[in-house]
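What follows is a set of notes on a single structure, which appears directly below.
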Amino acid sequence: MAVETEVLNELHRLRTRIPELTGALAAGADGLVLAEDMPDVQPEGLAALTAAALGVGRRMVDLADRGEFRELLVRGAGGYLATYAAGPSAVLTLLADDRANVGRLHLEGRRGGARIAELLAARSRDDGPAVPGGEPPAPQFRGRILGALPIRIPPQSRYEP
């Protein structure tokens with residue numbers, strides 16, 4: 001079974017476990033849709049915005065020295081939009097109506113994100129290394145993987161007192 005099909009099945013299971021969910025989306029950190037179960041929302045636009053929010057969220061926790069990005073919750077007048085890290089290269093976004101139990105949303109969203117991360121990691125292991133002799137290192141900043149937004153690291157000063 002293809003990984004995309006397994007990810008879609010996980011999204012369907014999430015919607016079954018949380019009846020208040022109105023949509024579920026798995027996307028890459030680059031903003032491309034991996035799988036979606038969103039009848040009333042344009043998935044490509046939401047995936048692109050989710051990638052941007054992921055990048056901003058990662059930068060925020062990095063600058064505030066709060067560790068790795070885990071999740072982001074946005075509440076609107078009509079409900080919730082919750083985004084969860086799904087490994088270093090993907091994100092899970094859940095849409096829920098305003099009657100949703102936020103604790104349950106977080107519990108299932110975290111589990112779903114971890115499951116999607118496992119599925120994607122299994123695919124990358126099966127595909128083998130992209131570069132002979134191993135995979136290229138991911139860009140790092142203070143030991144953390146960078147988000148989707150580019151950052152500018154200023155050159156070090158050459159002034160020595």
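Naming works like this for the structure tokens: A, B, ... for the chains as they're shown, residue 1 at the start of each chain, ligands 1 onward in shown order.
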Where does DSSP see strand (DSSP E or B) in range 34-77 of chain A, if you list the residues as a list in words?
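The strand (DSSP E or B) residues within range 34-77 of chain A come out as Leu34, Ala35, Glu36, Asp37, Glu71, Leu72, Leu73, Val74, Arg75 and Gly76 of chain A.
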Taking 2 positions as the minimum chain separation for residues in the same chain, which residues sit within 7 Å of Leu73 in chain A when counting only C-alpha atoms? Answer as a list of chain:residue names.
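Residues near the query, excluding close chain neighbours: A:Glu71, A:Arg75, A:Leu81, A:Ala82, A:Thr83.
Straight-line separation from CA of Asp65 in chain A to CA of Ala47 in chain A: 26.3 Å.
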Looking at A:Asp62, A:Asp30, A:Glu118, A:Asp97, which one is nearest to Leu49 in chain A, with distances taken over only C-alpha atoms?
A:Asp30
Spatial neighbours of Asp98 in chain A, max dist 8 Å, only C-alpha atoms, sep filter under 2 positions, as a list in words:
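Answer for this query is Ala77, Gly78, Gly79, Tyr80, Ala96 and Ala100 of chain A.
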Taking C-alpha atoms for each residue, export the selection above as a compact mmCIF listing (two decimals), in the first residue's frame.
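Below you can see selection-v4.txt, which holds the result:
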# COMPACT_ATOMS: atom_id res chain seq x y z
CA ALA A 77 -15.50 32.40 15.64
CA GLY A 78 -16.55 29.18 13.88
CA GLY A 79 -14.10 26.73 15.40
CA TYR A 80 -10.48 25.62 15.62
CA ALA A 96 -12.85 21.37 14.12
CA ALA A 100 -14.83 20.39 19.86
With only C-alpha atoms as the counted atoms, please give the residues lying no more than 10 Å from Leu54 in chain A, apart from itself and same-chain residues fewer than 5 positions off, as a VMD selection string.
chain A and resid 29 to 31 48 to 49 59 to 60 69 to 72 83 to 85 90 to 91 147 to 149
Those same residues - N, CA, C and O atoms - I'd like them written as a PDB file, in the first residue's frame.
ATOM      1  N   ALA A  29       6.404  20.084   4.650  1.00  0.00           N
ATOM      2  CA  ALA A  29       6.854  21.384   5.144  1.00  0.00           C
ATOM      3  C   ALA A  29       7.004  22.385   4.009  1.00  0.00           C
ATOM      4  O   ALA A  29       7.054  23.584   4.244  1.00  0.00           O
ATOM      5  N   ASP A  30       7.033  21.883   2.772  1.00  0.00           N
ATOM      6  CA  ASP A  30       7.137  22.757   1.599  1.00  0.00           C
ATOM      7  C   ASP A  30       5.776  23.253   1.130  1.00  0.00           C
ATOM      8  O   ASP A  30       5.688  24.041   0.194  1.00  0.00           O
ATOM      9  N   GLY A  31       4.682  22.805   1.752  1.00  0.00           N
ATOM     10  CA  GLY A  31       3.353  23.279   1.416  1.00  0.00           C
ATOM     11  C   GLY A  31       2.618  22.432   0.398  1.00  0.00           C
ATOM     12  O   GLY A  31       1.541  22.806  -0.049  1.00  0.00           O
ATOM     13  N   ALA A  48      -0.426  25.425   1.792  1.00  0.00           N
ATOM     14  CA  ALA A  48       0.586  26.470   1.652  1.00  0.00           C
ATOM     15  C   ALA A  48       0.614  27.370   2.886  1.00  0.00           C
ATOM     16  O   ALA A  48       1.694  27.695   3.407  1.00  0.00           O
ATOM     17  N   LEU A  49      -0.555  27.760   3.374  1.00  0.00           N
ATOM     18  CA  LEU A  49      -0.601  28.590   4.579  1.00  0.00           C
ATOM     19  C   LEU A  49      -0.121  27.832   5.810  1.00  0.00           C
ATOM     20  O   LEU A  49       0.505  28.409   6.702  1.00  0.00           O
ATOM     21  N   ARG A  59      10.284  29.148  13.961  1.00  0.00           N
ATOM     22  CA  ARG A  59      11.155  30.287  14.247  1.00  0.00           C
ATOM     23  C   ARG A  59      10.830  30.880  15.612  1.00  0.00           C
ATOM     24  O   ARG A  59      11.721  31.274  16.354  1.00  0.00           O
ATOM     25  N   MET A  60       9.538  30.965  15.942  1.00  0.00           N
ATOM     26  CA  MET A  60       9.136  31.535  17.225  1.00  0.00           C
ATOM     27  C   MET A  60       9.663  30.708  18.395  1.00  0.00           C
ATOM     28  O   MET A  60      10.236  31.263  19.334  1.00  0.00           O
ATOM     29  N   PHE A  69       9.375  22.730  17.625  1.00  0.00           N
ATOM     30  CA  PHE A  69       7.969  23.014  17.373  1.00  0.00           C
ATOM     31  C   PHE A  69       7.149  21.746  17.560  1.00  0.00           C
ATOM     32  O   PHE A  69       7.516  20.686  17.099  1.00  0.00           O
ATOM     33  N   ARG A  70       6.023  21.866  18.235  1.00  0.00           N
ATOM     34  CA  ARG A  70       5.126  20.732  18.443  1.00  0.00           C
ATOM     35  C   ARG A  70       3.758  20.974  17.818  1.00  0.00           C
ATOM     36  O   ARG A  70       3.243  20.139  17.109  1.00  0.00           O
ATOM     37  N   GLU A  71       3.136  22.126  18.138  1.00  0.00           N
ATOM     38  CA  GLU A  71       1.770  22.349  17.669  1.00  0.00           C
ATOM     39  C   GLU A  71       1.424  23.827  17.702  1.00  0.00           C
ATOM     40  O   GLU A  71       2.080  24.622  18.362  1.00  0.00           O
ATOM     41  N   LEU A  72       0.363  24.133  16.974  1.00  0.00           N
ATOM     42  CA  LEU A  72      -0.139  25.499  16.890  1.00  0.00           C
ATOM     43  C   LEU A  72      -1.663  25.408  16.858  1.00  0.00           C
ATOM     44  O   LEU A  72      -2.225  24.611  16.110  1.00  0.00           O
ATOM     45  N   THR A  83      -2.584  22.655  14.186  1.00  0.00           N
ATOM     46  CA  THR A  83      -1.485  22.156  13.362  1.00  0.00           C
ATOM     47  C   THR A  83      -0.494  21.438  14.262  1.00  0.00           C
ATOM     48  O   THR A  83      -0.089  21.981  15.293  1.00  0.00           O
ATOM     49  N   TYR A  84      -0.097  20.229  13.850  1.00  0.00           N
ATOM     50  CA  TYR A  84       0.808  19.402  14.640  1.00  0.00           C
ATOM     51  C   TYR A  84       1.988  18.969  13.778  1.00  0.00           C
ATOM     52  O   TYR A  84       1.810  18.608  12.612  1.00  0.00           O
ATOM     53  N   ALA A  85       3.168  18.984  14.354  1.00  0.00           N
ATOM     54  CA  ALA A  85       4.348  18.495  13.652  1.00  0.00           C
ATOM     55  C   ALA A  85       4.169  17.001  13.394  1.00  0.00           C
ATOM     56  O   ALA A  85       3.701  16.259  14.255  1.00  0.00           O
ATOM     57  N   ALA A  90       6.912  17.119   7.672  1.00  0.00           N
ATOM     58  CA  ALA A  90       5.475  17.134   7.386  1.00  0.00           C
ATOM     59  C   ALA A  90       4.709  17.745   8.549  1.00  0.00           C
ATOM     60  O   ALA A  90       5.249  17.930   9.645  1.00  0.00           O
ATOM     61  N   VAL A  91       3.454  18.042   8.262  1.00  0.00           N
ATOM     62  CA  VAL A  91       2.593  18.660   9.259  1.00  0.00           C
ATOM     63  C   VAL A  91       1.172  18.123   9.076  1.00  0.00           C
ATOM     64  O   VAL A  91       0.757  17.791   7.973  1.00  0.00           O
ATOM     65  N   GLY A 147      12.648  25.657   9.661  1.00  0.00           N
ATOM     66  CA  GLY A 147      11.295  25.583   9.144  1.00  0.00           C
ATOM     67  C   GLY A 147      11.250  25.927   7.673  1.00  0.00           C
ATOM     68  O   GLY A 147      12.258  25.944   6.973  1.00  0.00           O
ATOM     69  N   ALA A 148      10.073  26.234   7.199  1.00  0.00           N
ATOM     70  CA  ALA A 148       9.872  26.502   5.786  1.00  0.00           C
ATOM     71  C   ALA A 148      10.298  27.909   5.387  1.00  0.00           C
ATOM     72  O   ALA A 148      10.475  28.184   4.218  1.00  0.00           O
ATOM     73  N   LEU A 149      10.444  28.812   6.348  1.00  0.00           N
ATOM     74  CA  LEU A 149      10.821  30.173   6.014  1.00  0.00           C
ATOM     75  C   LEU A 149      12.335  30.322   5.958  1.00  0.00           C
ATOM     76  O   LEU A 149      13.047  29.780   6.794  1.00  0.00           O
TER      77      LEU A 149
END
Provide the CA of Arg66 in chain A to CA of Ala52 in chain A distance in Å, to one decimal place.
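Separation between CA of Arg66 in chain A and CA of Ala52 in chain A: 19.1 Å.
Counting only C-alpha atoms and comparing A:Gly113, A:Val102, A:Ser124, A:Thr5, the residue that lies closest to Leu21 in chain A is A:Val102.
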For a quick check of understanding, using only C-alpha atoms, which of A:Glu36, A:Gly67, A:Leu92, A:Gly23 has the smallest distance to Ala53 in chain A?
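Of all the options, A:Leu92 lies closest to Ala53 in chain A.
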Among listed residues A:Glu10, A:Leu25, A:Ala121, A:Gly57, nearest Pro39 in chain A (using only C-alpha atoms):
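Between A:Glu10, A:Leu25, A:Ala121, A:Gly57, the residue approaching Pro39 in chain A most closely is A:Leu25.
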As number ranges by chain, which residues of range 56-139 of chain A does DSSP assign to alpha helix (DSSP H)?
A: 56-63, 102-127
One decimal, Å: what's the distance from CA of Val3 in chain A over to CA of Leu119 in chain A, could you say?
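The value is 6.4 Å.
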